[in-house]
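Okay, so here's the structure we're looking at.
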There are 2 protein chains.
Amino acid sequence: VPAQQEDGPAGGDPGSVAETGEFGLIDRVRAAAGTHDRVLIGPGDDAAHVRTQDGTYVVSTDLLVEHRHFRRDWSSAVEIGRKAAAANLSDVNAMGGTASALTVGLGVPPGTPSSWVVDLARGFEQEAALVGAHVVGGDMTASDVVVVAVTVIGDAPRPITRSGALPGDVVAVHGRLGWSAAGLAALSRGFRSPRAAVEAHRCPQPPYTAGPAAADAGATAMIDVSDGLLADLGHVATASGVVLELRSTTLAVDEPVRTVADALGTDPLAMVLAGGEDYALAATFSAVTELPPGWTVVGDVRDPRATEEPAVLVDGAVWEGDAGWQHWR
Amino acid sequence: VPAQQEDGPAGGDPGSVAETGEFGLIDRVRAAAGTHDRVLIGPGDDAAHVRTQDGTYVVSTDLLVEHRHFRRDWSSAVEIGRKAAAANLSDVNAMGGTASALTVGLGVPPGTPSSWVVDLARGFEQEAALVGAHVVGGDMTASDVVVVAVTVIGDAPRPITRSGALPGDVVAVHGRLGWSAAGLAALSRGFRSPRAAVEAHRCPQPPYTAGPAAADAGATAMIDVSDGLLADLGHVATASGVVLELRSTTLAVDEPVRTVADALGTDPLAMVLAGGEDYALAATFSAVTELPPGWTVVGDVRDPRATEEPAVLVDGAVWEGDAGWQHWR
């Protein structure tokens, strides 16, 4: 889950997490963890894939902190619950799987109304019900600000990772891009409209059936767009060792995004390319695959040229704007 | 996971979580969630039991907050990781199952040394390795204090709940009781000894093979002692609708517990009955069951008499001291 509020300038004390950065630190932890027979897909993808005595499951987790990931004055408890659930259900969707259960660890200040907690739980249940999953466990404790820890477990018989994109494949997307970022931009400036954008920010609508359909159709790689299309496709490019060439004219700039960008005098394409939290899916498919309904081709996959690193290019060039959030920078 | 630091006097604003209390609130959330086919055991036991496409899993979650559940000046990062993992692995143990994977959501202040995070992850891996489990996923974000959210998933083909204790059964325990409480009492007063107690508080040693062995032997109910023997057996009494009669002379008062109690002039039995965080197991078995190695009978199960509620009695009476922690009271 991307942060909505940055932590000040880049850098930080030498050796601190602020200096190492989230992704560098995750790499260090991952390297220390090693590999194991029962862990079919380990940390670093949208979800891990684990073998049990009688089958497999996929699992993913998120930690959300008030003021960083949500604000109680901008979103209702139901909306915060729905969005936290959606972010996690989306991770299973991005593996081509279907979620079966969520757990919720909740830290709340002692003065919080009990009804707020009950509404949060209701939001979780509502969103989970969209995929036939349920909240099966939880923990509550006192904390200074609201903290929501979510774990999702699901079935993904043939999980789609980030590392399978092949030269010659097409890049395709399914779902909204830039809506939540537009809503956040509006809210940040004190507006409550356009309503569609603000509601998309408060309560995203991930395309929950699109992940399993893409897996069935033979997607070679898949990821959900939580941090921004360029940032998340960047993970696919790196993991697959390829260059993803996007064509900006093929990316839909939907009306709520254009409205906000026009009002703020900013580039709507920046919201489409860098806006997170809509939980759209981005995937690669063989060029001969007939794409399932709702998927739009937005680019191609090729090998990196000599001296070129794996990357995502827009109209043949590196995108100059912000590509997405990093949590400590 | 029990809190080490209380939140001030009981009570709180009407309708606040402080006033409702953790357990009342969990009951409200649980009632709202309803029951579902795929959820074989829902919230309220040590772990939930969920059906998948090809089998089942058990899952449990904990949220730990710095200053409440651990202190970085009392425990190393490795110890905090081991203990957080142990608390969760113990929940699967208490279902009679074996853990396969852990996920960790971590909130850390940006100035935290990266080495602290790497050591925390190492502690998780070390403890998980004791049962053949691994950390398969995580999330990191910035927060004001360290927050550790842990979820454990495991196999429990025949899970043992809290609700199966029957009149005529015996009550038995396996593992340390009161050691961690003794260590906490010593640390709280500025001591670093007795070493065995302090180490038990920093790094508990749950009896990981005892849970599956008890399930195989036919345990009728089981729980892990996280909040205190009386508090946790109280959940068994309530869920099973029975009275548990403990005999204090059968409860071992181990040497580190006696040493601390003597030094502080307190009752060592209080630490044994009310001390949490050793992650011992307490279970009920039919009186004719041959108990697996390491289990000690400490009482009996009977029906409540007329006008009597389900309860845990010690030598025929309600225990007068603290029975355990409640997180907001």
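Within each chain, counting starts at residue 1; across the structure tokens, chains are named A, B, ... in the order shown, with ligands numbered 1 upward in that order.
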Select residues of chain A: the criterion is any atom within 7 Å of an atom of chain B, counting only C-alpha atoms; output as an NGL selection string.
-> :A and (12-13 or 15-18 or 20 or 22 or 25 or 29 or 33 or 42-43 or 48 or 52-55 or 60-63 or 65 or 100 or 103 or 105-106 or 110-114 or 118 or 121 or 125 or 136-143 or 149 or 151 or 155 or 327-328)
Write out as a VMD selection string the residues lying within 9 Å of A:Ile80, counting only C-alpha atoms and excluding same-chain residues fewer than 3 positions away.
-> chain A and resid 70 to 72 75 to 77 83 to 85 120 123 to 124 202 to 203
Output of the above residues as a PDB file, in the first residue's frame, restricted to N, CA, C and O atoms:
ATOM      1  N   PHE A  70      -3.999   6.405   5.414  1.00  0.00           N
ATOM      2  CA  PHE A  70      -5.412   6.814   5.400  1.00  0.00           C
ATOM      3  C   PHE A  70      -5.604   7.912   6.436  1.00  0.00           C
ATOM      4  O   PHE A  70      -4.762   8.106   7.309  1.00  0.00           O
ATOM      5  N   ARG A  71      -6.711   8.616   6.296  1.00  0.00           N
ATOM      6  CA  ARG A  71      -7.071   9.661   7.257  1.00  0.00           C
ATOM      7  C   ARG A  71      -8.514   9.452   7.672  1.00  0.00           C
ATOM      8  O   ARG A  71      -9.392   9.303   6.829  1.00  0.00           O
ATOM      9  N   ARG A  72      -8.732   9.476   8.989  1.00  0.00           N
ATOM     10  CA  ARG A  72     -10.098   9.249   9.462  1.00  0.00           C
ATOM     11  C   ARG A  72     -11.028  10.410   9.146  1.00  0.00           C
ATOM     12  O   ARG A  72     -12.245  10.260   9.185  1.00  0.00           O
ATOM     13  N   SER A  75     -12.001   9.608   5.193  1.00  0.00           N
ATOM     14  CA  SER A  75     -12.655   8.346   4.841  1.00  0.00           C
ATOM     15  C   SER A  75     -13.402   7.813   6.057  1.00  0.00           C
ATOM     16  O   SER A  75     -12.917   7.929   7.186  1.00  0.00           O
ATOM     17  N   SER A  76     -14.530   7.218   5.824  1.00  0.00           N
ATOM     18  CA  SER A  76     -15.277   6.569   6.900  1.00  0.00           C
ATOM     19  C   SER A  76     -14.579   5.264   7.274  1.00  0.00           C
ATOM     20  O   SER A  76     -13.734   4.755   6.536  1.00  0.00           O
ATOM     21  N   ALA A  77     -14.970   4.720   8.430  1.00  0.00           N
ATOM     22  CA  ALA A  77     -14.397   3.446   8.862  1.00  0.00           C
ATOM     23  C   ALA A  77     -14.712   2.344   7.857  1.00  0.00           C
ATOM     24  O   ALA A  77     -13.860   1.498   7.554  1.00  0.00           O
ATOM     25  N   LYS A  83     -11.031  -0.427   1.673  1.00  0.00           N
ATOM     26  CA  LYS A  83      -9.814  -0.157   0.904  1.00  0.00           C
ATOM     27  C   LYS A  83      -8.650  -1.035   1.372  1.00  0.00           C
ATOM     28  O   LYS A  83      -7.887  -1.548   0.546  1.00  0.00           O
ATOM     29  N   ALA A  84      -8.541  -1.219   2.685  1.00  0.00           N
ATOM     30  CA  ALA A  84      -7.462  -2.072   3.204  1.00  0.00           C
ATOM     31  C   ALA A  84      -7.661  -3.506   2.721  1.00  0.00           C
ATOM     32  O   ALA A  84      -6.709  -4.197   2.349  1.00  0.00           O
ATOM     33  N   ALA A  85      -8.910  -3.951   2.731  1.00  0.00           N
ATOM     34  CA  ALA A  85      -9.202  -5.291   2.218  1.00  0.00           C
ATOM     35  C   ALA A  85      -8.903  -5.365   0.727  1.00  0.00           C
ATOM     36  O   ALA A  85      -8.274  -6.316   0.245  1.00  0.00           O
ATOM     37  N   LEU A 120     -15.341  -0.553  10.690  1.00  0.00           N
ATOM     38  CA  LEU A 120     -14.137  -0.988   9.972  1.00  0.00           C
ATOM     39  C   LEU A 120     -14.258  -2.467   9.617  1.00  0.00           C
ATOM     40  O   LEU A 120     -14.009  -2.874   8.475  1.00  0.00           O
ATOM     41  N   GLY A 123     -16.613  -2.974   6.810  1.00  0.00           N
ATOM     42  CA  GLY A 123     -15.979  -2.653   5.532  1.00  0.00           C
ATOM     43  C   GLY A 123     -15.150  -3.813   5.014  1.00  0.00           C
ATOM     44  O   GLY A 123     -15.210  -4.158   3.825  1.00  0.00           O
ATOM     45  N   PHE A 124     -14.395  -4.431   5.911  1.00  0.00           N
ATOM     46  CA  PHE A 124     -13.604  -5.603   5.520  1.00  0.00           C
ATOM     47  C   PHE A 124     -14.514  -6.701   4.994  1.00  0.00           C
ATOM     48  O   PHE A 124     -14.239  -7.308   3.947  1.00  0.00           O
ATOM     49  N   ARG A 202     -11.345   6.827  -2.008  1.00  0.00           N
ATOM     50  CA  ARG A 202     -11.816   6.286  -0.724  1.00  0.00           C
ATOM     51  C   ARG A 202     -12.084   4.795  -0.798  1.00  0.00           C
ATOM     52  O   ARG A 202     -11.925   4.070   0.181  1.00  0.00           O
ATOM     53  N   CYS A 203     -12.535   4.346  -1.947  1.00  0.00           N
ATOM     54  CA  CYS A 203     -12.996   2.961  -2.049  1.00  0.00           C
ATOM     55  C   CYS A 203     -12.710   2.444  -3.459  1.00  0.00           C
ATOM     56  O   CYS A 203     -13.564   2.530  -4.334  1.00  0.00           O
TER      57      CYS A 203
END
DSSP helix (DSSP H, G or I) selection over stretch 82-166 of chain A, as number ranges by chain | A: 82-94, 114-129
Neighbour list for A:Ala219 as number ranges by chain, cut-off 12 Å, only C-alpha atoms, skip fewer than 6 positions in-chain = A: 94-96, 158-166, 169-173, 210-213, 281-292, 295
Where in stretch 65-127 of chain B does DSSP assign strand (DSSP E), given as a list in words?
-> Val65, Thr98, Ala99, Ser100, Ala101, Leu102, Thr103, Val104, Gly105, Leu106, Gly107 and Val108 of chain B
Residues from last step as file, all heavy atoms, as a short mmCIF file (atom, residue, chain, number, x, y, z; two decimals), in the first residue's frame:
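See result.cif below for the written result:
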data_model
loop_
_atom_site.label_atom_id
_atom_site.label_comp_id
_atom_site.auth_asym_id
_atom_site.auth_seq_id
_atom_site.Cartn_x
_atom_site.Cartn_y
_atom_site.Cartn_z
N VAL B 65 2.98 -3.77 19.52
CA VAL B 65 3.35 -2.36 19.48
C VAL B 65 4.45 -2.10 20.52
O VAL B 65 4.33 -2.53 21.66
CB VAL B 65 2.12 -1.47 19.77
CG1 VAL B 65 2.50 0.00 19.79
CG2 VAL B 65 1.02 -1.72 18.74
N THR B 98 0.82 -27.66 12.78
CA THR B 98 2.22 -27.31 12.52
C THR B 98 2.25 -26.17 11.52
O THR B 98 1.62 -26.24 10.47
CB THR B 98 2.98 -28.52 11.94
OG1 THR B 98 2.86 -29.61 12.85
CG2 THR B 98 4.46 -28.18 11.75
N ALA B 99 2.99 -25.12 11.87
CA ALA B 99 3.03 -23.92 11.03
C ALA B 99 3.83 -24.17 9.76
O ALA B 99 4.84 -24.87 9.78
CB ALA B 99 3.62 -22.76 11.80
N SER B 100 3.40 -23.55 8.65
CA SER B 100 4.16 -23.64 7.41
C SER B 100 4.77 -22.29 7.03
O SER B 100 5.82 -22.26 6.40
CB SER B 100 3.28 -24.15 6.26
OG SER B 100 2.13 -23.37 6.11
N ALA B 101 4.13 -21.19 7.41
CA ALA B 101 4.63 -19.89 6.96
C ALA B 101 4.22 -18.77 7.90
O ALA B 101 3.19 -18.85 8.59
CB ALA B 101 4.12 -19.58 5.55
N LEU B 102 5.03 -17.73 7.92
CA LEU B 102 4.74 -16.50 8.64
C LEU B 102 4.80 -15.34 7.66
O LEU B 102 5.62 -15.35 6.73
CB LEU B 102 5.79 -16.24 9.73
CG LEU B 102 5.87 -17.19 10.92
CD1 LEU B 102 7.19 -16.97 11.65
CD2 LEU B 102 4.71 -16.93 11.87
N THR B 103 3.96 -14.33 7.89
CA THR B 103 4.17 -13.04 7.22
C THR B 103 4.39 -11.99 8.31
O THR B 103 3.88 -12.12 9.42
CB THR B 103 2.97 -12.61 6.35
OG1 THR B 103 1.82 -12.41 7.18
CG2 THR B 103 2.68 -13.65 5.29
N VAL B 104 5.13 -10.95 7.96
CA VAL B 104 5.49 -9.91 8.93
C VAL B 104 5.24 -8.53 8.32
O VAL B 104 5.82 -8.19 7.30
CB VAL B 104 6.98 -10.02 9.33
CG1 VAL B 104 7.31 -8.98 10.39
CG2 VAL B 104 7.30 -11.42 9.83
N GLY B 105 4.38 -7.77 8.96
CA GLY B 105 4.21 -6.35 8.61
C GLY B 105 4.97 -5.54 9.63
O GLY B 105 4.78 -5.71 10.83
N LEU B 106 5.83 -4.66 9.16
CA LEU B 106 6.73 -3.96 10.08
C LEU B 106 6.64 -2.45 9.88
O LEU B 106 6.86 -1.95 8.77
CB LEU B 106 8.17 -4.44 9.80
CG LEU B 106 9.26 -3.85 10.67
CD1 LEU B 106 9.03 -4.19 12.14
CD2 LEU B 106 10.62 -4.35 10.21
N GLY B 107 6.31 -1.75 10.94
CA GLY B 107 6.39 -0.30 10.94
C GLY B 107 7.59 0.12 11.76
O GLY B 107 7.75 -0.36 12.89
N VAL B 108 8.45 0.96 11.20
CA VAL B 108 9.65 1.40 11.94
C VAL B 108 9.88 2.89 11.74
O VAL B 108 9.66 3.43 10.65
CB VAL B 108 10.93 0.64 11.48
CG1 VAL B 108 10.95 -0.77 12.03
CG2 VAL B 108 11.07 0.64 9.99
#
Please measure the separation of atom CA of A:Pro268 and atom CA of A:Thr238, giving the value in Å to one decimal.
->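 That distance, rounded to one decimal, is 26.2 Å.
Close contacts of B:Ala185, defined as residues with an atom at most 10 Å away when counting only C-alpha atoms, with chain neighbours fewer than 2 positions off set aside, comprise Trp179, Ser180, Ala181, Ala182, Gly183, Leu187, Ser188, Arg189, Gly190, Phe191, Ala197, Val198, His201, Val260, Ala261, Leu264 and Met271 of chain B.
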Create the file for the chosen residues now, containing N, CA, C and O atoms and written as an mmCIF file, in the first residue's frame.
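For reference, result.cif as written:
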data_model
loop_
_atom_site.group_PDB
_atom_site.id
_atom_site.type_symbol
_atom_site.label_atom_id
_atom_site.label_comp_id
_atom_site.auth_asym_id
_atom_site.auth_seq_id
_atom_site.Cartn_x
_atom_site.Cartn_y
_atom_site.Cartn_z
ATOM 1 N N TRP B 179 7.483 -18.293 34.245
ATOM 2 C CA TRP B 179 8.881 -17.894 34.007
ATOM 3 C C TRP B 179 8.962 -16.500 33.395
ATOM 4 O O TRP B 179 9.722 -15.649 33.847
ATOM 5 N N SER B 180 8.186 -16.272 32.341
ATOM 6 C CA SER B 180 8.252 -14.972 31.664
ATOM 7 C C SER B 180 7.782 -13.853 32.586
ATOM 8 O O SER B 180 8.371 -12.772 32.615
ATOM 9 N N ALA B 181 6.722 -14.114 33.359
ATOM 10 C CA ALA B 181 6.228 -13.103 34.304
ATOM 11 C C ALA B 181 7.294 -12.783 35.338
ATOM 12 O O ALA B 181 7.478 -11.625 35.732
ATOM 13 N N ALA B 182 8.006 -13.802 35.805
ATOM 14 C CA ALA B 182 9.088 -13.580 36.765
ATOM 15 C C ALA B 182 10.189 -12.732 36.123
ATOM 16 O O ALA B 182 10.705 -11.790 36.747
ATOM 17 N N GLY B 183 10.525 -13.032 34.889
ATOM 18 C CA GLY B 183 11.548 -12.253 34.191
ATOM 19 C C GLY B 183 11.113 -10.810 33.986
ATOM 20 O O GLY B 183 11.900 -9.878 34.162
ATOM 21 N N LEU B 187 12.945 -7.479 35.362
ATOM 22 C CA LEU B 187 13.346 -6.393 34.465
ATOM 23 C C LEU B 187 12.670 -5.078 34.856
ATOM 24 O O LEU B 187 13.292 -4.017 34.814
ATOM 25 N N SER B 188 11.403 -5.161 35.247
ATOM 26 C CA SER B 188 10.646 -3.956 35.587
ATOM 27 C C SER B 188 11.249 -3.232 36.776
ATOM 28 O O SER B 188 11.071 -2.029 36.939
ATOM 29 N N ARG B 189 11.937 -3.987 37.635
ATOM 30 C CA ARG B 189 12.550 -3.391 38.823
ATOM 31 C C ARG B 189 14.038 -3.114 38.607
ATOM 32 O O ARG B 189 14.764 -2.840 39.545
ATOM 33 N N GLY B 190 14.469 -3.217 37.362
ATOM 34 C CA GLY B 190 15.841 -2.837 37.043
ATOM 35 C C GLY B 190 16.856 -3.960 37.163
ATOM 36 O O GLY B 190 18.050 -3.732 37.002
ATOM 37 N N PHE B 191 16.392 -5.195 37.447
ATOM 38 C CA PHE B 191 17.319 -6.331 37.560
ATOM 39 C C PHE B 191 17.499 -7.006 36.212
ATOM 40 O O PHE B 191 16.626 -6.941 35.356
ATOM 41 N N ALA B 197 14.994 -16.596 34.150
ATOM 42 C CA ALA B 197 13.694 -15.932 34.061
ATOM 43 C C ALA B 197 13.736 -14.810 33.035
ATOM 44 O O ALA B 197 12.819 -14.655 32.210
ATOM 45 N N VAL B 198 14.794 -14.006 33.075
ATOM 46 C CA VAL B 198 14.915 -12.885 32.140
ATOM 47 C C VAL B 198 14.988 -13.407 30.702
ATOM 48 O O VAL B 198 14.335 -12.874 29.794
ATOM 49 N N HIS B 201 11.665 -14.467 29.527
ATOM 50 C CA HIS B 201 10.817 -13.348 29.120
ATOM 51 C C HIS B 201 11.216 -12.835 27.745
ATOM 52 O O HIS B 201 10.360 -12.505 26.919
ATOM 53 N N VAL B 260 12.416 -15.207 42.063
ATOM 54 C CA VAL B 260 11.933 -13.836 41.873
ATOM 55 C C VAL B 260 10.848 -13.511 42.893
ATOM 56 O O VAL B 260 10.844 -12.431 43.501
ATOM 57 N N ALA B 261 9.925 -14.438 43.097
ATOM 58 C CA ALA B 261 8.835 -14.185 44.046
ATOM 59 C C ALA B 261 9.389 -13.962 45.450
ATOM 60 O O ALA B 261 8.941 -13.054 46.166
ATOM 61 N N LEU B 264 10.919 -10.533 45.716
ATOM 62 C CA LEU B 264 9.944 -9.443 45.690
ATOM 63 C C LEU B 264 8.922 -9.562 46.816
ATOM 64 O O LEU B 264 8.083 -8.673 46.984
ATOM 65 N N MET B 271 2.304 -15.936 40.029
ATOM 66 C CA MET B 271 2.999 -15.876 38.735
ATOM 67 C C MET B 271 2.658 -17.092 37.884
ATOM 68 O O MET B 271 2.500 -16.993 36.665
#
Choose the residue, out of B:Gly276, B:Gly299, B:Gly265, B:Gly241, that has the smallest atom-to-atom separation from B:Ala311; count only C-alpha atoms.
-> B:Gly241
Compile the contact shell of B:Val242 as a short mmCIF file (atom, residue, chain, number, x, y, z; two decimals) with N, CA, C and O atoms, in the first residue's frame: residues with an atom at most 6 Å away, counting only C-alpha atoms, same-chain residues fewer than 4 positions apart removed.
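The resulting file, part.cif, is reproduced below:
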data_model
loop_
_atom_site.label_atom_id
_atom_site.label_comp_id
_atom_site.auth_asym_id
_atom_site.auth_seq_id
_atom_site.Cartn_x
_atom_site.Cartn_y
_atom_site.Cartn_z
N ALA B 237 -13.16 -22.77 29.65
CA ALA B 237 -14.35 -23.00 30.49
C ALA B 237 -15.59 -22.40 29.83
O ALA B 237 -16.63 -23.05 29.72
N ARG B 302 -15.72 -30.43 35.31
CA ARG B 302 -17.05 -30.86 35.73
C ARG B 302 -18.10 -29.91 35.19
O ARG B 302 -17.80 -28.81 34.73
N ASP B 303 -19.36 -30.36 35.25
CA ASP B 303 -20.48 -29.50 34.86
C ASP B 303 -20.63 -28.36 35.87
O ASP B 303 -20.39 -28.55 37.06
N PRO B 304 -21.06 -27.18 35.42
CA PRO B 304 -21.41 -26.13 36.39
C PRO B 304 -22.61 -26.58 37.22
O PRO B 304 -23.52 -27.23 36.70
N PRO B 310 -19.78 -21.08 34.03
CA PRO B 310 -18.51 -21.71 33.66
C PRO B 310 -17.36 -20.89 34.25
O PRO B 310 -17.40 -19.66 34.24
#
Could you please determine the separation between atom CA of B:Tyr279 and atom CA of B:Glu245 in Å, to one decimal place?
->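 Atom CA of B:Tyr279 sits 21.0 Å away from atom CA of B:Glu245.
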Between atom CA of A:Thr250 and atom CA of A:Arg176 lies a distance of 13.6 Å
